[in-house]
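Below: start.csv (CSV, C-alpha atoms)
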chain,number,residue,atom,x,y,z
A,1466,MET,CA,0.0,0.0,0.0
A,1467,ALA,CA,1.4,3.4,-1.0
A,1468,ILE,CA,2.0,5.8,1.9
A,1469,ALA,CA,1.2,9.5,2.0
A,1470,LEU,CA,3.2,11.4,4.7
A,1471,VAL,CA,1.4,14.6,5.8
A,1472,THR,CA,3.0,17.2,8.1
A,1473,GLY,CA,0.7,19.4,10.1
A,1474,SER,CA,-1.7,16.6,9.8
A,1475,ALA,CA,-4.1,17.8,12.4
A,1476,GLY,CA,-4.3,21.3,11.0
A,1477,LEU,CA,-6.8,22.7,8.6
A,1478,ILE,CA,-5.2,21.6,5.3
A,1479,GLY,CA,-3.4,18.6,6.8
A,1480,ALA,CA,-6.5,17.0,8.2
A,1481,GLU,CA,-8.5,17.7,5.1
A,1482,ALA,CA,-5.7,16.0,3.1
A,1483,VAL,CA,-5.5,13.0,5.5
A,1484,ARG,CA,-9.2,12.3,4.9
A,1485,PHE,CA,-9.0,13.0,1.2
A,1486,LEU,CA,-5.9,10.8,0.7
A,1487,ALA,CA,-7.3,7.9,2.8
A,1488,GLY,CA,-10.4,8.1,0.7
A,1489,LYS,CA,-8.3,7.6,-2.4
A,1490,GLY,CA,-6.9,4.4,-0.9
A,1491,LEU,CA,-3.5,5.6,0.5
A,1492,ASP,CA,-2.4,4.8,4.0
A,1493,VAL,CA,-1.5,8.1,5.8
A,1494,VAL,CA,1.3,8.9,8.3
A,1495,GLY,CA,0.7,12.2,10.0
A,1496,ILE,CA,3.4,14.3,11.6
A,1497,ASP,CA,2.0,17.0,14.0
A,1498,ASN,CA,3.1,18.0,17.5
A,1499,ASP,CA,0.3,20.6,18.0
A,1500,MET,CA,2.7,23.6,17.9
A,1501,ARG,CA,-0.4,25.7,17.0
A,1502,ALA,CA,-1.3,25.6,20.6
A,1503,TYR,CA,2.1,26.9,21.5
A,1504,PHE,CA,1.8,29.7,18.9
A,1505,PHE,CA,-1.7,30.9,19.6
A,1506,GLY,CA,-2.8,29.3,22.9
A,1507,GLY,CA,-5.1,26.5,23.9
A,1508,GLU,CA,-8.1,27.7,21.9
A,1509,ALA,CA,-6.1,27.1,18.7
A,1510,SER,CA,-5.0,23.5,19.6
A,1511,THR,CA,-5.6,20.9,17.0
A,1512,GLY,CA,-5.9,18.1,19.5
A,1513,TRP,CA,-9.6,17.7,18.7
A,1514,SER,CA,-8.7,17.3,15.0
A,1515,ARG,CA,-6.1,14.6,15.7
A,1516,ALA,CA,-8.7,12.7,17.8
A,1517,GLN,CA,-11.2,12.9,15.0
A,1518,LEU,CA,-8.8,11.5,12.4
A,1519,GLU,CA,-7.7,8.6,14.7
A,1520,ASN,CA,-11.3,7.7,15.5
A,1521,ALA,CA,-12.5,7.9,11.9
A,1522,LEU,CA,-9.6,6.2,10.1
A,1523,GLY,CA,-8.3,3.7,12.5
A,1524,SER,CA,-5.4,1.7,11.1
A,1525,ARG,CA,-5.4,3.8,7.9
A,1526,TYR,CA,-3.9,6.6,9.8
A,1527,ARG,CA,-0.8,6.7,12.0
A,1528,HIS,CA,0.0,9.8,14.0
A,1529,VAL,CA,3.6,10.8,14.9
A,1530,ALA,CA,4.0,13.7,17.4
A,1531,ALA,CA,7.4,14.8,16.1
A,1532,ASP,CA,8.9,18.2,15.7
A,1533,ILE,CA,9.8,18.9,12.1
A,1534,ARG,CA,12.9,20.9,13.3
A,1535,GLU,CA,14.4,17.7,14.7
A,1536,LEU,CA,16.0,15.6,12.0
A,1537,ALA,CA,16.6,12.8,14.4
A,1538,ALA,CA,12.8,12.6,15.2
A,1539,LEU,CA,11.9,12.5,11.5
A,1540,GLU,CA,14.4,10.1,10.1
A,1541,PRO,CA,13.0,7.0,11.7
A,1542,VAL,CA,9.7,7.6,10.0
A,1543,PHE,CA,11.3,7.9,6.6
A,1544,GLU,CA,13.6,4.9,7.3
A,1545,GLN,CA,10.6,2.8,8.2
A,1546,TYR,CA,8.5,3.4,5.1
A,1547,GLY,CA,11.3,4.3,2.6
A,1548,SER,CA,10.2,3.9,-1.0
A,1549,GLU,CA,6.7,3.1,0.0
A,1550,ILE,CA,6.2,6.8,0.5
A,1551,ALA,CA,4.6,8.1,-2.7
A,1552,LEU,CA,3.7,11.6,-1.4
A,1553,VAL,CA,5.1,14.0,1.1
A,1554,LEU,CA,2.6,16.8,1.7
A,1555,HIS,CA,4.2,19.5,3.8
A,1556,THR,CA,1.6,21.8,5.4
A,1557,ALA,CA,3.2,22.3,8.9
A,1558,ALA,CA,4.3,25.9,9.6
A,1559,GLN,CA,4.4,28.9,11.9
A,1560,PRO,CA,1.8,30.9,9.9
A,1561,SER,CA,1.5,34.3,11.5
A,1562,HIS,CA,3.2,37.7,10.6
A,1563,ASP,CA,2.8,39.0,14.1
A,1564,TRP,CA,3.9,35.9,16.0
A,1565,ALA,CA,7.1,35.6,13.9
A,1566,ALA,CA,8.3,38.9,15.2
A,1567,ARG,CA,8.0,37.6,18.8
A,1568,GLU,CA,10.3,34.6,18.2
A,1569,PRO,CA,12.1,35.0,14.9
A,1570,ILE,CA,14.4,32.0,15.5
A,1571,THR,CA,11.4,29.7,16.2
A,1572,ASP,CA,9.6,31.0,13.1
A,1573,PHE,CA,12.6,30.5,10.9
A,1574,THR,CA,13.6,27.1,12.2
A,1575,VAL,CA,10.0,25.8,11.8
A,1576,ASN,CA,9.4,27.2,8.4
A,1577,ALA,CA,12.8,27.0,6.7
A,1578,ASN,CA,14.9,24.4,8.6
A,1579,GLY,CA,11.9,22.1,9.0
A,1580,THR,CA,11.3,22.2,5.3
A,1581,LEU,CA,14.9,21.5,4.6
A,1582,ASN,CA,14.8,18.5,6.9
A,1583,LEU,CA,11.8,17.1,5.0
A,1584,LEU,CA,13.3,17.7,1.6
A,1585,GLU,CA,16.6,16.1,2.5
A,1586,LEU,CA,14.9,13.0,4.0
A,1587,THR,CA,12.8,12.7,0.9
A,1588,ARG,CA,15.9,12.8,-1.3
A,1589,ARG,CA,17.6,10.1,0.9
A,1590,HIS,CA,14.7,7.7,1.4
A,1591,CYS,CA,12.0,8.2,-1.2
A,1592,PRO,CA,13.3,10.2,-4.1
A,1593,GLU,CA,10.5,9.1,-6.4
A,1594,ALA,CA,7.8,10.6,-4.1
A,1595,ALA,CA,6.0,13.8,-5.0
A,1596,PHE,CA,6.8,16.6,-2.6
A,1597,ILE,CA,4.1,19.3,-2.2
A,1598,PHE,CA,4.7,22.5,-0.2
A,1599,THR,CA,2.1,24.9,1.1
A,1600,SER,CA,3.8,28.2,0.6
A,1601,THR,CA,2.1,31.6,0.8
A,1602,ASN,CA,1.4,34.7,-1.2
A,1603,LYS,CA,3.4,36.5,1.5
A,1604,VAL,CA,6.5,35.5,-0.4
A,1605,TYR,CA,5.7,38.5,-2.6
A,1606,GLY,CA,6.0,40.8,0.4
A,1607,ASP,CA,4.2,44.2,0.1
A,1608,THR,CA,4.9,44.5,-3.6
A,1609,PRO,CA,1.2,44.0,-4.3
A,1610,ASN,CA,0.6,47.3,-2.4
A,1611,ARG,CA,2.4,49.2,-5.2
A,1612,LEU,CA,-0.3,48.2,-7.7
A,1613,PRO,CA,-2.6,51.0,-8.9
A,1614,LEU,CA,-5.4,50.5,-6.4
A,1615,VAL,CA,-8.8,52.2,-6.5
A,1616,GLU,CA,-11.0,52.7,-3.4
A,1617,LEU,CA,-14.6,51.6,-3.8
A,1618,GLU,CA,-17.4,51.6,-1.3
A,1619,THR,CA,-16.6,48.3,0.5
A,1620,ARG,CA,-13.2,47.3,-1.0
A,1621,TRP,CA,-10.0,48.2,-2.6
A,1622,GLU,CA,-9.8,47.1,-6.2
A,1623,ILE,CA,-7.1,47.2,-8.9
A,1624,ASP,CA,-7.5,49.7,-11.7
A,1625,GLU,CA,-9.3,48.2,-14.7
A,1626,SER,CA,-6.5,49.2,-17.1
A,1627,HIS,CA,-4.0,46.9,-15.3
A,1628,ALA,CA,-3.0,43.5,-16.7
A,1629,PHE,CA,-3.8,41.9,-13.3
A,1630,HIS,CA,-7.4,43.2,-13.2
A,1631,ALA,CA,-9.1,40.3,-15.2
A,1632,LYS,CA,-7.6,37.3,-13.3
A,1633,GLY,CA,-5.4,38.6,-10.5
A,1634,ILE,CA,-1.7,38.6,-9.6
A,1635,ASP,CA,0.3,35.9,-11.4
A,1636,GLU,CA,3.6,34.2,-10.7
A,1637,SER,CA,5.6,36.8,-12.7
A,1638,MET,CA,5.5,39.2,-9.7
A,1639,SER,CA,9.0,39.6,-8.1
A,1640,ILE,CA,9.7,38.4,-4.6
A,1641,ASP,CA,12.7,40.7,-4.3
A,1642,GLY,CA,13.1,44.3,-3.0
A,1643,THR,CA,10.0,44.3,-0.8
A,1644,LEU,CA,9.0,44.2,2.9
A,1645,HIS,CA,8.1,40.6,3.6
A,1646,SER,CA,7.7,40.5,7.4
A,1647,LEU,CA,9.8,37.8,9.2
A,1648,PHE,CA,7.2,35.2,8.5
A,1649,GLY,CA,7.3,36.1,4.8
A,1650,ALA,CA,11.1,35.8,4.8
A,1651,SER,CA,11.1,32.3,6.4
A,1652,LYS,CA,8.5,31.1,3.9
A,1653,VAL,CA,10.6,32.6,1.0
A,1654,ALA,CA,13.5,30.5,2.2
A,1655,ALA,CA,11.4,27.4,2.3
A,1656,ASP,CA,9.7,28.2,-1.0
A,1657,VAL,CA,13.1,28.5,-2.8
A,1658,LEU,CA,14.5,25.4,-1.2
A,1659,VAL,CA,11.5,23.4,-2.5
A,1660,GLN,CA,12.0,24.8,-6.0
A,1661,GLU,CA,15.8,24.0,-5.8
A,1662,TYR,CA,15.3,20.4,-4.7
A,1663,GLY,CA,13.2,20.0,-7.8
A,1664,ARG,CA,15.4,21.9,-10.3
A,1665,TYR,CA,18.8,20.8,-8.9
A,1666,PHE,CA,18.2,17.3,-7.5
A,1667,GLY,CA,15.2,16.4,-9.8
A,1668,LEU,CA,12.7,15.7,-7.0
A,1669,LYS,CA,9.1,16.0,-7.9
A,1670,THR,CA,8.5,19.2,-6.0
A,1671,GLY,CA,5.6,21.6,-6.3
A,1672,VAL,CA,5.1,25.0,-4.6
A,1673,PHE,CA,1.6,26.3,-3.9
A,1674,ARG,CA,1.5,30.0,-2.9
A,1675,GLY,CA,-1.8,30.2,-1.2
A,1676,GLY,CA,-4.1,33.1,-0.6
A,1677,CYS,CA,-6.3,32.7,2.5
A,1678,LEU,CA,-6.7,29.0,3.1
A,1679,THR,CA,-9.9,28.3,5.0
A,1680,GLY,CA,-12.7,25.8,5.8
A,1681,PRO,CA,-14.8,24.3,8.6
A,1682,GLY,CA,-11.8,22.5,10.2
A,1683,HIS,CA,-9.8,25.6,11.0
A,1684,SER,CA,-8.8,26.3,14.6
A,1685,GLY,CA,-9.0,30.1,14.2
A,1686,ALA,CA,-7.1,32.5,16.4
A,1687,GLU,CA,-6.7,36.3,16.3
A,1688,LEU,CA,-3.2,36.1,14.8
A,1689,HIS,CA,-4.1,33.4,12.2
A,1690,GLY,CA,-7.2,32.2,10.5
A,1691,PHE,CA,-9.0,35.2,9.1
A,1692,LEU,CA,-12.4,33.8,8.4
A,1693,ALA,CA,-12.5,31.2,11.1
A,1694,TYR,CA,-11.7,33.7,13.8
A,1695,LEU,CA,-14.1,36.2,12.4
A,1696,ALA,CA,-16.8,33.5,12.4
A,1697,LYS,CA,-16.0,32.5,16.0
A,1698,CYS,CA,-16.4,36.2,17.0
A,1699,ALA,CA,-19.6,36.5,15.0
A,1700,LEU,CA,-21.1,33.6,16.9
A,1701,THR,CA,-19.9,34.5,20.4
A,1702,GLY,CA,-20.1,38.3,20.3
A,1703,LYS,CA,-16.4,38.5,21.1
A,1704,ALA,CA,-14.8,41.8,20.1
A,1705,TYR,CA,-13.0,41.8,16.8
A,1706,THR,CA,-10.4,44.3,15.6
A,1707,VAL,CA,-9.9,45.3,12.0
A,1708,PHE,CA,-6.4,46.5,11.3
A,1709,GLY,CA,-5.9,49.3,8.8
A,1710,TYR,CA,-6.9,50.1,5.2
A,1711,LYS,CA,-10.4,51.1,6.3
A,1712,GLY,CA,-11.4,47.5,6.5
A,1713,LYS,CA,-11.5,47.4,2.7
A,1714,GLN,CA,-8.5,45.1,2.2
A,1715,VAL,CA,-9.3,42.2,-0.1
A,1716,ARG,CA,-8.3,38.6,0.2
A,1717,ASP,CA,-9.1,35.6,-2.1
A,1718,ASN,CA,-10.2,32.6,-0.2
A,1719,ILE,CA,-10.0,28.9,-1.0
A,1720,HIS,CA,-11.8,26.1,0.7
A,1721,SER,CA,-9.5,23.4,2.1
A,1722,HIS,CA,-11.2,20.7,0.0
A,1723,ASP,CA,-10.5,22.6,-3.2
A,1724,LEU,CA,-6.9,23.1,-2.3
A,1725,VAL,CA,-6.3,19.5,-1.4
A,1726,ASN,CA,-8.0,18.4,-4.6
A,1727,ALA,CA,-5.4,20.6,-6.4
A,1728,PHE,CA,-2.7,18.8,-4.5
A,1729,TRP,CA,-4.2,15.5,-5.7
A,1730,HIS,CA,-4.1,16.6,-9.3
A,1731,PHE,CA,-0.4,17.6,-9.0
A,1732,PHE,CA,0.4,14.3,-7.3
A,1733,GLN,CA,-1.0,12.4,-10.3
A,1734,ALA,CA,1.3,14.3,-12.8
A,1735,PRO,CA,4.1,16.2,-10.9
A,1736,ARG,CA,5.9,19.0,-12.6
A,1737,PRO,CA,9.3,19.3,-10.7
A,1738,GLY,CA,10.2,22.7,-9.3
A,1739,GLU,CA,6.9,24.3,-10.4
A,1740,VAL,CA,5.4,27.2,-8.6
A,1741,TYR,CA,1.7,28.1,-8.6
A,1742,ASN,CA,-0.4,30.9,-7.1
A,1743,ILE,CA,-3.5,29.1,-5.7
A,1744,GLY,CA,-6.6,30.6,-4.0
A,1745,GLY,CA,-10.1,31.6,-4.7
A,1746,GLY,CA,-9.0,34.0,-7.5
A,1747,ARG,CA,-11.8,36.1,-9.0
A,1748,HIS,CA,-14.2,33.3,-8.1
A,1749,ALA,CA,-14.0,33.7,-4.3
A,1750,ASN,CA,-12.8,36.8,-2.6
A,1751,CYS,CA,-14.0,39.4,-0.2
A,1752,SER,CA,-12.9,42.5,1.8
A,1753,MET,CA,-13.0,42.6,5.6
A,1754,LEU,CA,-16.1,44.8,5.5
A,1755,GLU,CA,-17.8,42.3,3.1
A,1756,ALA,CA,-16.8,39.3,5.2
A,1757,ILE,CA,-18.3,41.0,8.3
A,1758,ARG,CA,-21.6,41.6,6.4
A,1759,MET,CA,-21.7,38.0,5.3
A,1760,ALA,CA,-21.1,36.8,8.9
A,1761,GLU,CA,-23.9,39.0,10.2
A,1762,GLU,CA,-26.3,37.7,7.5
A,1763,ILE,CA,-25.4,34.0,8.1
A,1764,THR,CA,-25.5,34.2,11.9
A,1765,GLY,CA,-28.3,36.7,12.2
A,1766,LYS,CA,-26.3,38.6,14.8
A,1767,PRO,CA,-24.7,42.0,14.8
A,1768,PHE,CA,-20.9,41.9,14.7
A,1769,ASN,CA,-19.0,43.4,17.5
A,1770,TRP,CA,-16.0,45.0,15.9
A,1771,SER,CA,-13.7,48.1,16.2
A,1772,TYR,CA,-11.2,49.6,13.9
A,1773,SER,CA,-7.4,50.3,14.3
A,1774,GLU,CA,-5.6,52.7,11.9
A,1775,GLU,CA,-2.4,50.6,12.3
A,1776,ASN,CA,-2.2,48.0,9.6
A,1777,ARG,CA,-0.2,44.8,10.1
A,1778,VAL,CA,3.4,44.9,8.9
A,1779,GLY,CA,3.7,43.5,5.4
A,1780,ASP,CA,-0.1,43.1,5.0
A,1781,HIS,CA,-1.6,43.2,1.6
A,1782,ILE,CA,-4.2,45.9,0.7
A,1783,TRP,CA,-5.5,43.8,-2.2
A,1784,TRP,CA,-4.7,40.2,-3.1
A,1785,ILE,CA,-6.5,38.2,-5.7
A,1786,GLY,CA,-4.3,35.5,-7.1
A,1787,ASP,CA,-4.3,34.4,-10.8
A,1788,ILE,CA,-4.8,30.7,-10.7
A,1789,SER,CA,-4.9,30.2,-14.5
A,1790,LYS,CA,-1.4,28.7,-14.6
A,1791,PHE,CA,-2.5,25.8,-12.5
A,1792,GLU,CA,-5.8,25.5,-14.3
A,1793,GLY,CA,-3.8,25.3,-17.6
A,1794,HIS,CA,-1.6,22.6,-16.3
A,1795,PHE,CA,-4.4,20.6,-14.7
A,1796,PRO,CA,-7.6,21.4,-16.7
A,1797,ASP,CA,-9.7,18.8,-14.9
A,1798,TRP,CA,-9.4,20.7,-11.6
A,1799,ARG,CA,-12.2,23.1,-10.7
A,1800,LEU,CA,-13.0,25.3,-7.7
A,1801,GLN,CA,-16.2,24.0,-6.1
A,1802,TYR,CA,-16.8,26.6,-3.4
A,1803,ASP,CA,-17.7,30.3,-3.9
A,1804,MET,CA,-17.4,33.0,-1.3
A,1805,GLN,CA,-20.9,32.5,0.2
A,1806,GLY,CA,-20.5,28.7,0.3
A,1807,ILE,CA,-17.1,29.0,2.0
A,1808,MET,CA,-18.4,31.5,4.6
A,1809,GLU,CA,-21.4,29.3,5.4
A,1810,GLN,CA,-19.2,26.2,6.0
A,1811,VAL,CA,-16.7,28.2,8.1
A,1812,VAL,CA,-19.5,29.5,10.3
A,1813,GLU,CA,-21.0,26.0,10.7
A,1814,GLY,CA,-17.6,24.5,11.5
A,1815,GLN,CA,-17.1,27.1,14.3
A,1816,ARG,CA,-20.7,26.6,15.6
A,1817,ALA,CA,-20.1,22.8,15.9
A,1818,ARG,CA,-16.8,23.4,17.7
A,1819,LEU,CA,-18.5,25.8,20.2
A,1820,VAL,CA,-21.2,23.2,20.9
A,1821,ASP,CA,-18.6,20.5,21.4
A,1822,ALA,CA,-16.8,22.7,23.9
A,1823,GLN,CA,-19.9,23.2,26.1

Let's see the structure in the file written out as structure tokens.
Amino acid sequence: MAIALVTGSAGLIGAEAVRFLAGKGLDVVGIDNDMRAYFFGGEASTGWSRAQLENALGSRYRHVAADIRELAALEPVFEQYGSEIALVLHTAAQPSHDWAAREPITDFTVNANGTLNLLELTRRHCPEAAFIFTSTNKVYGDTPNRLPLVELETRWEIDESHAFHAKGIDESMSIDGTLHSLFGASKVAADVLVQEYGRYFGLKTGVFRGGCLTGPGHSGAELHGFLAYLAKCALTGKAYTVFGYKGKQVRDNIHSHDLVNAFWHFFQAPRPGEVYNIGGGRHANCSMLEAIRMAEEITGKPFNWSYSEENRVGDHIWWIGDISKFEGHFPDWRLQYDMQGIMEQVVEGQRARLVDAQ
């Protein structure tokens, strides 16, 4: 039986991937030591997700509570399964701009060194496996903020005359000469390493630079998990703060199932060293103000929010990614969830979590 090794396996994308891959007939080994609870506190713990996976999948899923920064903890897993590993899906990360500035060494060693460990172990023990990396649009730093943006009633938008207006920002945008934030810098290091192991060593690596990754399985926290945390606040009445840009900053959003399905298509026909912008594109995007309005409509409750003029360092004013490169390479893949469908699922996921916690 082919093995899929998934890091961050109890997180939003990791857990979605575990279920998806097991459903496709693979046995899955998950690596996750719940560092999300260390980053963002107990409310962000993914322990509940790990328990769900183990209960639902039984012997089809093996959990390893290893730290990806520790080569000695990872190597026995790769040694045990060796060439049986057909896929390494790397979703584990420190994912927050703000948190990275608190502990830069932790951020860099998790995001960059951890990725290097996994790449090198793949090269040593299962060089024929596909290696998929969840990168981020933050590798472009604040370069998108230099685009000609126009202020509309509820959002910022790019000028209609610009080449990016029709489909969004493509992979031609430079990642140099920009303010990344420390998080963005650590992800750039990992992103380039994954490309290099594909181009230099010939591994079947793929880099997916995501917009906002979301879904009902997200353990949202204030510092990470935009829609999930917003939905939690909408349901509980907890105060929410919008940081800068008049609340009109725009994000594209992709449902975790749509993203994992994209990974599956790449796994079937890897293109070594390739880089893709991936997200909701023009199909699924919203501003902060628009997300708040949707949350109020879905929950039927007024949203308790305030505004701070101080934007987050390296934050994007407008991000809609052009996903046409991936669509061109894998024409059978389609986005299934639009913005309304995503928001409804995120709210219901948070509602279920709150009920379970009572």

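Once all atoms listed in the file are considered, the residues situated within 9 Å of the file point (-1.8, 33.3, -14.4) turn out to be Phe1629, Lys1632, Gly1633, Ile1634, Asp1635, Glu1636, Ser1637, Tyr1741, Asn1742, Gly1786, Asp1787, Ile1788, Ser1789, Lys1790, Phe1791, Glu1792 and Gly1793 of chain A.
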
Take the selection from the previous step and output its residues with C-alpha atoms, as a compact mmCIF listing (two decimals), in the coordinates of the input.
# COMPACT_ATOMS: atom_id res chain seq x y z
CA PHE A 1629 -3.80 41.90 -13.30
CA LYS A 1632 -7.60 37.30 -13.30
CA GLY A 1633 -5.40 38.60 -10.50
CA ILE A 1634 -1.70 38.60 -9.60
CA ASP A 1635 0.30 35.90 -11.40
CA GLU A 1636 3.60 34.20 -10.70
CA SER A 1637 5.60 36.80 -12.70
CA TYR A 1741 1.70 28.10 -8.60
CA ASN A 1742 -0.40 30.90 -7.10
CA GLY A 1786 -4.30 35.50 -7.10
CA ASP A 1787 -4.30 34.40 -10.80
CA ILE A 1788 -4.80 30.70 -10.70
CA SER A 1789 -4.90 30.20 -14.50
CA LYS A 1790 -1.40 28.70 -14.60
CA PHE A 1791 -2.50 25.80 -12.50
CA GLU A 1792 -5.80 25.50 -14.30
CA GLY A 1793 -3.80 25.30 -17.60

Which residues of region 1602-1672 of chain A have any atom within 10 Å of an atom in region 1566-1578 of chain A when counting only C-alpha atoms, and what is the closest pair of atoms for each, with the distance in Å to one decimal? Order the rows by chain and rising number and write it as a tab-separated table.
residue	atom	partner	partner_atom	distance
A:Ser1646	CA	A:Ala1566	CA	8.0
A:Leu1647	CA	A:Ala1566	CA	6.3
A:Phe1648	CA	A:Asp1572	CA	6.7
A:Gly1649	CA	A:Asn1576	CA	9.8
A:Ala1650	CA	A:Phe1573	CA	8.2
A:Ser1651	CA	A:Phe1573	CA	5.1
A:Lys1652	CA	A:Asn1576	CA	6.0
A:Val1653	CA	A:Ala1577	CA	8.3
A:Ala1654	CA	A:Ala1577	CA	5.7
A:Ala1655	CA	A:Ala1577	CA	4.6
A:Asp1656	CA	A:Ala1577	CA	8.4
A:Val1657	CA	A:Ala1577	CA	9.6
A:Leu1658	CA	A:Ala1577	CA	8.2
A:Val1659	CA	A:Ala1577	CA	10.0

Could you tell me how far CA of Arg1777 (chain A) sits from CA of Glu1761 (chain A), in Å to one decimal place? 24.4 Å

Point-to-point distance in Å for CA of Ala1469 (chain A) and CA of Val1493 (chain A): 4.9 Å

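Atom pair CA of Leu1692 (chain A) / CA of Gly1507 (chain A) has a distance of 18.6 Å (rounded to one decimal).
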
Just want the 8 Å neighbourhood of His1683 (chain A), counted on only C-alpha atoms, with same-chain residues fewer than 4 positions away dropped. Output as a ChimeraX atom specification. /A:1476-1477,1679,1690,1693,1811,1814

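Only residues having an atom at most 9 Å from (-2.6, 14.1, 1.3) are included; using all atoms listed in the file, these are A:Ala1469, A:Leu1470, A:Val1471, A:Ser1474, A:Ile1478, A:Gly1479, A:Ala1480, A:Glu1481, A:Ala1482, A:Val1483, A:Arg1484, A:Phe1485, A:Leu1486, A:Ala1487, A:Leu1491, A:Val1493, A:Leu1552, A:Val1553, A:Leu1554, A:Val1725, A:Phe1728, A:Trp1729.
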
Is it possible to get the axis-aligned box enclosing region 1733-1750 of chain A (all listed atoms, 4 Å extra per side) as lines of an AutoDock Vina configuration file, with centre and edge lengths in Å rounded to one decimal?
center_x = -2.0
center_y = 24.6
center_z = -7.7
size_x = 32.4
size_y = 32.4
size_z = 18.2

Spatial neighbours of Phe1731 (chain A), 9 Å, only C-alpha atoms, chain gap at least 2 places, as a list in words: Ala1595, Ile1597, Gly1671, Asn1726, Ala1727, Phe1728, Trp1729, Gln1733, Ala1734, Pro1735, Arg1736, His1794 and Phe1795 of chain A

I'd like the contact shell of region 1752-1760 of chain A - 10 Å cut-off, all atoms listed in the file, skipping same-chain residues fewer than 2 positions apart - returned as an mmCIF file with C-alpha atoms, in the coordinates of the input.
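Now in out30.cif:
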data_model
loop_
_atom_site.group_PDB
_atom_site.id
_atom_site.type_symbol
_atom_site.label_atom_id
_atom_site.label_comp_id
_atom_site.auth_asym_id
_atom_site.auth_seq_id
_atom_site.Cartn_x
_atom_site.Cartn_y
_atom_site.Cartn_z
ATOM 1 C CA GLU A 1618 -17.400 51.600 -1.300
ATOM 2 C CA THR A 1619 -16.600 48.300 0.500
ATOM 3 C CA ARG A 1620 -13.200 47.300 -1.000
ATOM 4 C CA TRP A 1621 -10.000 48.200 -2.600
ATOM 5 C CA GLU A 1622 -9.800 47.100 -6.200
ATOM 6 C CA PHE A 1691 -9.000 35.200 9.100
ATOM 7 C CA LEU A 1692 -12.400 33.800 8.400
ATOM 8 C CA LEU A 1695 -14.100 36.200 12.400
ATOM 9 C CA ALA A 1696 -16.800 33.500 12.400
ATOM 10 C CA LYS A 1697 -16.000 32.500 16.000
ATOM 11 C CA CYS A 1698 -16.400 36.200 17.000
ATOM 12 C CA ALA A 1699 -19.600 36.500 15.000
ATOM 13 C CA LEU A 1700 -21.100 33.600 16.900
ATOM 14 C CA VAL A 1707 -9.900 45.300 12.000
ATOM 15 C CA PHE A 1708 -6.400 46.500 11.300
ATOM 16 C CA TYR A 1710 -6.900 50.100 5.200
ATOM 17 C CA LYS A 1711 -10.400 51.100 6.300
ATOM 18 C CA GLY A 1712 -11.400 47.500 6.500
ATOM 19 C CA LYS A 1713 -11.500 47.400 2.700
ATOM 20 C CA GLN A 1714 -8.500 45.100 2.200
ATOM 21 C CA VAL A 1715 -9.300 42.200 -0.100
ATOM 22 C CA ARG A 1716 -8.300 38.600 0.200
ATOM 23 C CA ASP A 1717 -9.100 35.600 -2.100
ATOM 24 C CA ASN A 1750 -12.800 36.800 -2.600
ATOM 25 C CA GLU A 1762 -26.300 37.700 7.500
ATOM 26 C CA ILE A 1763 -25.400 34.000 8.100
ATOM 27 C CA THR A 1764 -25.500 34.200 11.900
ATOM 28 C CA GLY A 1765 -28.300 36.700 12.200
ATOM 29 C CA LYS A 1766 -26.300 38.600 14.800
ATOM 30 C CA PRO A 1767 -24.700 42.000 14.800
ATOM 31 C CA PHE A 1768 -20.900 41.900 14.700
ATOM 32 C CA ASN A 1769 -19.000 43.400 17.500
ATOM 33 C CA TRP A 1770 -16.000 45.000 15.900
ATOM 34 C CA ILE A 1782 -4.200 45.900 0.700
ATOM 35 C CA TRP A 1783 -5.500 43.800 -2.200
ATOM 36 C CA TRP A 1784 -4.700 40.200 -3.100
ATOM 37 C CA MET A 1804 -17.400 33.000 -1.300
ATOM 38 C CA GLN A 1805 -20.900 32.500 0.200
ATOM 39 C CA MET A 1808 -18.400 31.500 4.600
ATOM 40 C CA GLU A 1809 -21.400 29.300 5.400
ATOM 41 C CA VAL A 1811 -16.700 28.200 8.100
ATOM 42 C CA VAL A 1812 -19.500 29.500 10.300
#

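In this comparison, which uses only C-alpha atoms, the residue of A:Glu1625, A:Asp1607, A:Glu1508, A:Glu1774 approaching Gln1815 (chain A) most closely is A:Glu1508.
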